[in-house]
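The data block below is coords14.txt; it holds compact mmCIF, C-alpha atoms.
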# COMPACT_ATOMS: atom_id res chain seq x y z
CA MET A 1 47.49 98.03 73.74
CA SER A 2 51.16 98.52 72.92
CA GLY A 3 51.58 100.61 76.10
CA VAL A 4 50.09 97.81 78.22
CA THR A 5 52.37 95.26 76.59
CA SER A 6 55.42 97.45 77.22
CA THR A 7 54.54 97.88 80.89
CA GLY A 8 53.95 94.17 81.28
CA GLU A 9 57.29 93.35 79.66
CA SER A 10 59.01 95.85 81.92
CA ARG A 11 57.48 94.29 85.03
CA SER A 12 58.36 90.83 83.80
CA GLY A 13 61.97 91.86 83.22
CA SER A 14 62.18 93.47 86.64
CA THR A 15 60.76 90.35 88.27
CA LYS A 16 63.28 88.17 86.49
CA ARG A 17 66.18 90.39 87.57
CA GLN A 18 64.98 90.27 91.17
CA ALA A 19 64.74 86.49 91.01
CA VAL A 20 68.25 86.25 89.54
CA ARG A 21 69.52 88.61 92.23
CA ARG A 22 68.09 86.34 94.95
CA GLU A 23 69.72 83.31 93.34
CA LEU A 24 73.07 85.07 93.12
CA LEU A 25 72.89 86.23 96.74
CA ALA A 26 72.13 82.67 97.85
CA MET A 27 75.13 81.51 95.82
CA LEU A 28 77.39 84.08 97.50
CA ASP A 29 76.50 82.67 100.93
CA GLY A 30 78.39 79.51 100.00
CA LEU A 31 81.46 81.26 98.58
CA ASP A 32 84.49 82.95 100.13
CA VAL A 33 86.09 86.27 99.27
CA GLY A 34 88.06 85.91 96.06
CA ASP A 35 86.10 82.88 94.79
CA ALA A 36 85.12 83.08 91.13
CA LEU A 37 81.55 82.82 89.89
CA PRO A 38 80.79 80.41 87.05
CA SER A 39 80.87 81.93 83.56
CA GLU A 40 77.91 84.05 82.47
CA ARG A 41 77.04 81.45 79.84
CA ARG A 42 76.89 78.68 82.45
CA LEU A 43 75.03 80.80 85.02
CA ALA A 44 72.43 81.92 82.48
CA ALA A 45 71.80 78.31 81.49
CA GLU A 46 71.58 77.12 85.11
CA LEU A 47 69.19 79.94 86.10
CA GLY A 48 67.15 79.74 82.93
CA VAL A 49 67.48 83.41 82.01
CA SER A 50 68.98 85.39 79.16
CA ARG A 51 72.55 86.65 79.46
CA PRO A 52 71.46 90.33 79.33
CA THR A 53 69.13 89.73 82.30
CA LEU A 54 71.89 87.94 84.19
CA ARG A 55 74.38 90.69 83.36
CA GLN A 56 72.03 93.37 84.72
CA ALA A 57 71.68 91.48 88.00
CA ILE A 58 75.46 91.05 88.26
CA ASP A 59 75.98 94.76 87.45
CA GLY A 60 73.75 95.62 90.41
CA LEU A 61 75.79 93.45 92.79
CA VAL A 62 79.04 94.92 91.42
CA ALA A 63 77.70 98.43 92.10
CA GLU A 64 76.85 97.37 95.67
CA GLY A 65 80.40 96.12 96.20
CA LEU A 66 79.42 92.47 96.60
CA LEU A 67 81.03 91.31 93.36
CA ASP A 68 84.21 92.34 91.58
CA ARG A 69 84.26 92.09 87.79
CA ARG A 70 87.77 91.80 86.34
CA HIS A 71 88.04 92.45 82.63
CA GLY A 72 89.17 89.39 80.73
CA SER A 73 89.22 87.25 83.87
CA GLY A 74 85.73 86.86 85.32
CA THR A 75 83.57 87.88 88.26
CA TYR A 76 84.67 87.28 91.84
CA VAL A 77 83.32 87.63 95.37
CA ALA A 78 84.49 91.05 96.52
CA GLU A 79 86.13 92.05 99.78
CA PRO A 80 83.48 93.32 102.20
CA ARG A 81 83.17 97.08 102.47
CA ILE A 82 84.26 98.69 105.71
CA ALA A 83 81.73 101.01 107.33
CA VAL A 84 83.28 104.40 107.98
CA SER A 85 81.55 106.26 110.78
CA LEU A 86 81.75 110.02 110.58
CA THR A 87 83.43 110.72 113.89
CA MET A 88 86.60 112.45 115.07
CA THR A 89 88.82 109.36 114.97
CA SER A 90 92.02 108.62 113.12
CA PHE A 91 92.32 105.93 110.45
CA THR A 92 94.42 103.85 112.88
CA GLU A 93 91.81 104.07 115.65
CA ASP A 94 89.02 103.29 113.19
CA MET A 95 90.66 100.12 111.90
CA ILE A 96 91.57 98.86 115.38
CA ARG A 97 87.96 99.35 116.49
CA ARG A 98 86.89 97.13 113.58
CA GLY A 99 89.32 94.37 114.57
CA MET A 100 91.64 95.05 111.65
CA LYS A 101 95.37 95.66 111.67
CA PRO A 102 96.10 99.21 110.50
CA GLY A 103 99.20 99.94 108.50
CA GLY A 104 100.67 102.53 106.25
CA ARG A 105 103.60 103.72 104.24
CA VAL A 106 104.86 107.27 103.87
CA LEU A 107 105.03 107.95 100.14
CA SER A 108 106.50 111.44 100.43
CA PHE A 109 107.53 113.81 103.22
CA ARG A 110 108.60 117.37 102.52
CA THR A 111 108.69 120.87 103.93
CA GLU A 112 107.48 123.77 101.77
CA ALA A 113 105.79 127.15 101.87
CA ALA A 114 102.08 126.90 102.57
CA GLY A 115 101.05 128.90 99.52
CA ALA A 116 97.71 130.66 99.18
CA ARG A 117 95.38 127.61 99.09
CA ILE A 118 96.85 125.66 102.02
CA GLY A 119 97.54 128.89 103.90
CA ARG A 120 93.85 129.77 103.83
CA ARG A 121 92.86 126.37 105.18
CA LEU A 122 95.40 126.47 107.99
CA ALA A 123 95.07 130.20 108.72
CA LEU A 124 98.74 130.73 107.86
CA SER A 125 100.69 133.25 105.83
CA PRO A 126 101.46 131.83 102.35
CA ILE A 127 105.17 132.00 103.17
CA GLU A 128 104.94 130.01 106.41
CA GLU A 129 106.32 126.50 106.24
CA VAL A 130 104.13 123.40 106.35
CA PHE A 131 104.82 119.70 106.32
CA THR A 132 103.23 118.02 103.30
CA ILE A 133 102.99 114.29 103.92
CA ARG A 134 101.48 111.73 101.56
CA ARG A 135 100.62 108.33 103.05
CA LEU A 136 99.21 105.04 101.79
CA ARG A 137 96.80 103.63 104.38
CA LEU A 138 96.35 99.88 104.79
CA ALA A 139 94.02 97.54 106.70
CA ASP A 140 95.05 93.90 107.13
CA GLY A 141 97.66 94.55 104.44
CA ALA A 142 95.14 95.73 101.82
CA THR A 143 95.26 99.24 100.34
CA MET A 144 92.45 101.45 101.58
CA ALA A 145 93.24 105.11 101.00
CA ILE A 146 95.70 107.74 99.90
CA GLU A 147 96.06 110.51 102.48
CA THR A 148 97.75 113.88 101.99
CA LEU A 149 98.35 115.66 105.29
CA TYR A 150 99.25 119.34 105.63
CA LEU A 151 100.24 120.79 109.01
CA PRO A 152 102.10 123.87 110.23
CA ARG A 153 105.77 123.04 110.74
CA SER A 154 105.70 125.13 113.93
CA LEU A 155 103.21 122.65 115.41
CA LEU A 156 105.68 119.74 115.52
CA PRO A 157 109.00 121.23 114.40
CA GLY A 158 110.94 118.03 115.13
CA LEU A 159 108.62 115.73 113.16
CA ARG A 160 110.45 113.11 111.10
CA ARG A 161 109.31 110.82 108.33
CA GLN A 162 109.81 107.70 110.46
CA ASP A 163 107.57 109.12 113.21
CA LEU A 164 104.58 108.51 110.94
CA GLU A 165 105.44 104.98 109.84
CA GLY A 166 102.77 102.76 111.36
CA GLN A 167 101.68 105.36 113.92
CA SER A 168 98.61 107.54 114.28
CA PHE A 169 99.22 111.25 113.70
CA TYR A 170 96.62 111.99 116.38
CA ASP A 171 98.70 109.99 118.88
CA LEU A 172 101.67 112.20 117.99
CA LEU A 173 99.61 115.31 118.66
CA ARG A 174 98.36 113.99 121.97
CA GLY A 175 101.92 113.04 122.92
CA GLY A 176 102.91 116.65 122.34
CA GLY A 177 100.15 117.88 124.62
CA ILE A 178 98.04 119.14 121.71
CA VAL A 179 94.29 118.74 122.18
CA ILE A 180 92.01 118.15 119.18
CA ALA A 181 88.77 119.92 120.03
CA SER A 182 86.74 120.09 116.81
CA GLY A 183 86.81 119.53 113.10
CA THR A 184 85.04 120.11 109.81
CA GLU A 185 84.83 117.40 107.17
CA THR A 186 83.38 117.29 103.66
CA ILE A 187 82.79 114.18 101.57
CA GLU A 188 82.12 113.88 97.86
CA PRO A 189 82.23 111.16 95.22
CA THR A 190 85.20 111.10 92.89
CA VAL A 191 87.26 108.72 90.76
CA THR A 192 90.91 107.80 91.07
CA THR A 193 93.54 109.58 89.02
CA ALA A 194 96.26 107.60 87.27
CA GLU A 195 98.66 108.27 90.17
CA GLU A 196 96.12 107.33 92.85
CA ALA A 197 95.07 104.20 90.97
CA ALA A 198 98.70 103.05 90.71
CA GLU A 199 99.29 103.61 94.42
CA LEU A 200 96.05 101.87 95.45
CA GLY A 201 96.41 99.03 92.95
CA VAL A 202 93.04 99.67 91.27
CA PRO A 203 92.03 100.62 87.71
CA VAL A 204 92.13 104.29 86.70
CA HIS A 205 88.82 106.09 87.31
CA THR A 206 87.73 103.61 89.98
CA PRO A 207 84.89 105.16 92.07
CA ALA A 208 86.18 106.65 95.31
CA PHE A 209 85.29 108.97 98.17
CA LEU A 210 87.14 112.25 98.67
CA PHE A 211 87.35 113.29 102.33
CA GLU A 212 88.65 116.74 103.27
CA ARG A 213 89.08 117.54 106.97
CA ILE A 214 90.32 120.46 109.02
CA THR A 215 90.81 119.84 112.74
CA ARG A 216 91.20 122.58 115.36
CA ASP A 217 92.46 122.99 118.90
CA LEU A 218 90.59 124.45 121.86
CA ASP A 219 91.27 127.99 120.63
CA GLY A 220 89.90 127.24 117.17
CA ARG A 221 93.37 127.22 115.59
CA PRO A 222 93.67 124.80 112.62
CA LEU A 223 95.97 121.88 113.38
CA GLU A 224 95.81 119.99 110.11
CA TYR A 225 94.23 119.89 106.70
CA VAL A 226 93.84 116.36 105.32
CA ARG A 227 92.78 115.29 101.87
CA SER A 228 92.04 111.55 101.66
CA VAL A 229 90.92 109.42 98.72
CA TYR A 230 89.21 106.22 99.92
CA ARG A 231 88.54 103.27 97.65
CA GLY A 232 84.83 103.21 96.85
CA ASP A 233 84.83 99.44 96.47
CA ARG A 234 86.04 98.93 100.06
CA TYR A 235 84.16 101.63 101.95
CA ARG A 236 80.66 102.63 102.81
CA LEU A 237 79.62 105.59 104.93
CA GLU A 238 77.83 105.10 108.23
CA LEU A 239 75.78 107.81 109.94
CA ASP A 240 74.50 107.67 113.51
CA LEU A 241 71.16 109.51 113.35
CA ARG A 242 69.21 110.77 116.32
CA PRO A 243 65.97 112.77 116.49
CA PRO A 244 66.35 116.44 117.47
CA ASN A 245 65.77 117.36 121.10
CA HIS A 246 62.45 119.02 121.80

Please rewrite the model in this file as structure tokens.
Amino acid sequence: MSGVTSTGESRSGSTKRQAVRRELLAMLDGLDVGDALPSERRLAAELGVSRPTLRQAIDGLVAEGLLDRRHGSGTYVAEPRIAVSLTMTSFTEDMIRRGMKPGGRVLSFRTEAAGARIGRRLALSPIEEVFTIRRLRLADGATMAIETLYLPRSLLPGLRRQDLEGQSFYDLLRGGGIVIASGTETIEPTVTTAEEAAELGVPVHTPAFLFERITRDLDGRPLEYVRSVYRGDRYRLELDLRPPNH
């Protein structure tokens, strides 16, 4: 009998959480981004549920990116996540397509030897020079990603730091007559380091996406290697799926 009781309690708890979730979603429809939710004590009383049940429902909406819990402050309506489609487009092009104003700031710009790791990715000798450029990417003024770009110096020998302020790197390539023909990208979950968190304005160890991309020209020569850390609370991945041809 104890097993039956346990299962029944579990179902009851799940049903309550689902009901609380529906109530919270209905509440969000009447709130704007940045608005605060009532305190957990008040919400639990208004919804007629225990605080642990309410907290579990809120945790689920935080994980989905709909709510933002700020320690010692409260719970707020979160900024909507931007869908990132996995296509060969630049950050600038992607944001413009979504009706947002792209922006950015060059955090560092230096020339150095490729070294073994970057040399392998760009098919260069370890002693060949590369530009190493670190940029903060913005959309409508909000921080979105930290991008570290590596490219052979011989590709754009006259490149200057100011050339990348507020401009798409892909536009620079196209302006130089360089054609981007293909690319390989990997994506994995990660968390922000202390440096990344400070630059993005988020807590340390905030969930994030790590994108690594190598693009190539028509001859298969690597043009760039990019390592980007995107805020997990502002992004979701979008895949365009089609059935295979028969």

CA of Tyr225 (chain A) to CA of Thr148 (chain A), distance in Å rounded to a single decimal: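 Computing it gives 8.4 Å between the two atoms.
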
Computed interatomic separation between CA of Ile187 (chain A) and CA of Tyr235 (chain A) (Å):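 Taking CA of Ile187 (chain A) as the start and CA of Tyr235 (chain A) as the end point, the length is 12.6 Å.
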
Pick from A:Phe109, A:Phe91, A:Glu79, A:Pro152 nearest to Asp171 (chain A), counting all atoms listed in the file: A:Phe91

Residue among A:Ala26, A:Leu159, A:Ala57, A:Val204 lying closest to Glu40 (chain A), counting all atoms listed in the file: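 The answer is A:Ala57, which sits nearest to Glu40 (chain A).
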
Please provide the set of residues having any atom within 7 Å of Gly232 (chain A), restricted to only C-alpha atoms, with same-chain residues fewer than 3 positions apart removed, written as a short mmCIF file (atom, residue, chain, number, x, y, z; two decimals) with C-alpha atoms, keeping the file's coordinate frame.
data_model
loop_
_atom_site.label_atom_id
_atom_site.label_comp_id
_atom_site.auth_asym_id
_atom_site.auth_seq_id
_atom_site.Cartn_x
_atom_site.Cartn_y
_atom_site.Cartn_z
CA PRO A 207 84.89 105.16 92.07
CA ALA A 208 86.18 106.65 95.31
CA PHE A 209 85.29 108.97 98.17
CA TYR A 235 84.16 101.63 101.95
#

Contacts of Thr143 (chain A) at 7 Å (all atoms listed in the file; same-chain gap of 5+ positions) as a PyMOL selection string: chain A and resi 137-138+200

Write out, as an mmCIF file, in the frame of the given file, the residues just selected, with C-alpha atoms.
data_model
loop_
_atom_site.group_PDB
_atom_site.id
_atom_site.type_symbol
_atom_site.label_atom_id
_atom_site.label_comp_id
_atom_site.auth_asym_id
_atom_site.auth_seq_id
_atom_site.Cartn_x
_atom_site.Cartn_y
_atom_site.Cartn_z
ATOM 1 C CA ARG A 137 96.800 103.630 104.380
ATOM 2 C CA LEU A 138 96.350 99.880 104.790
ATOM 3 C CA LEU A 200 96.050 101.870 95.450
#

CA of Arg135 (chain A) to CA of Leu173 (chain A), straight-line distance in Å: 17.1 Å

Residue among A:Ala181, A:Phe131, A:Glu199, A:Gly72 lying closest to Leu107 (chain A), counting only C-alpha atoms: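 Ranked by minimum distance to Leu107 (chain A), first place goes to A:Glu199.
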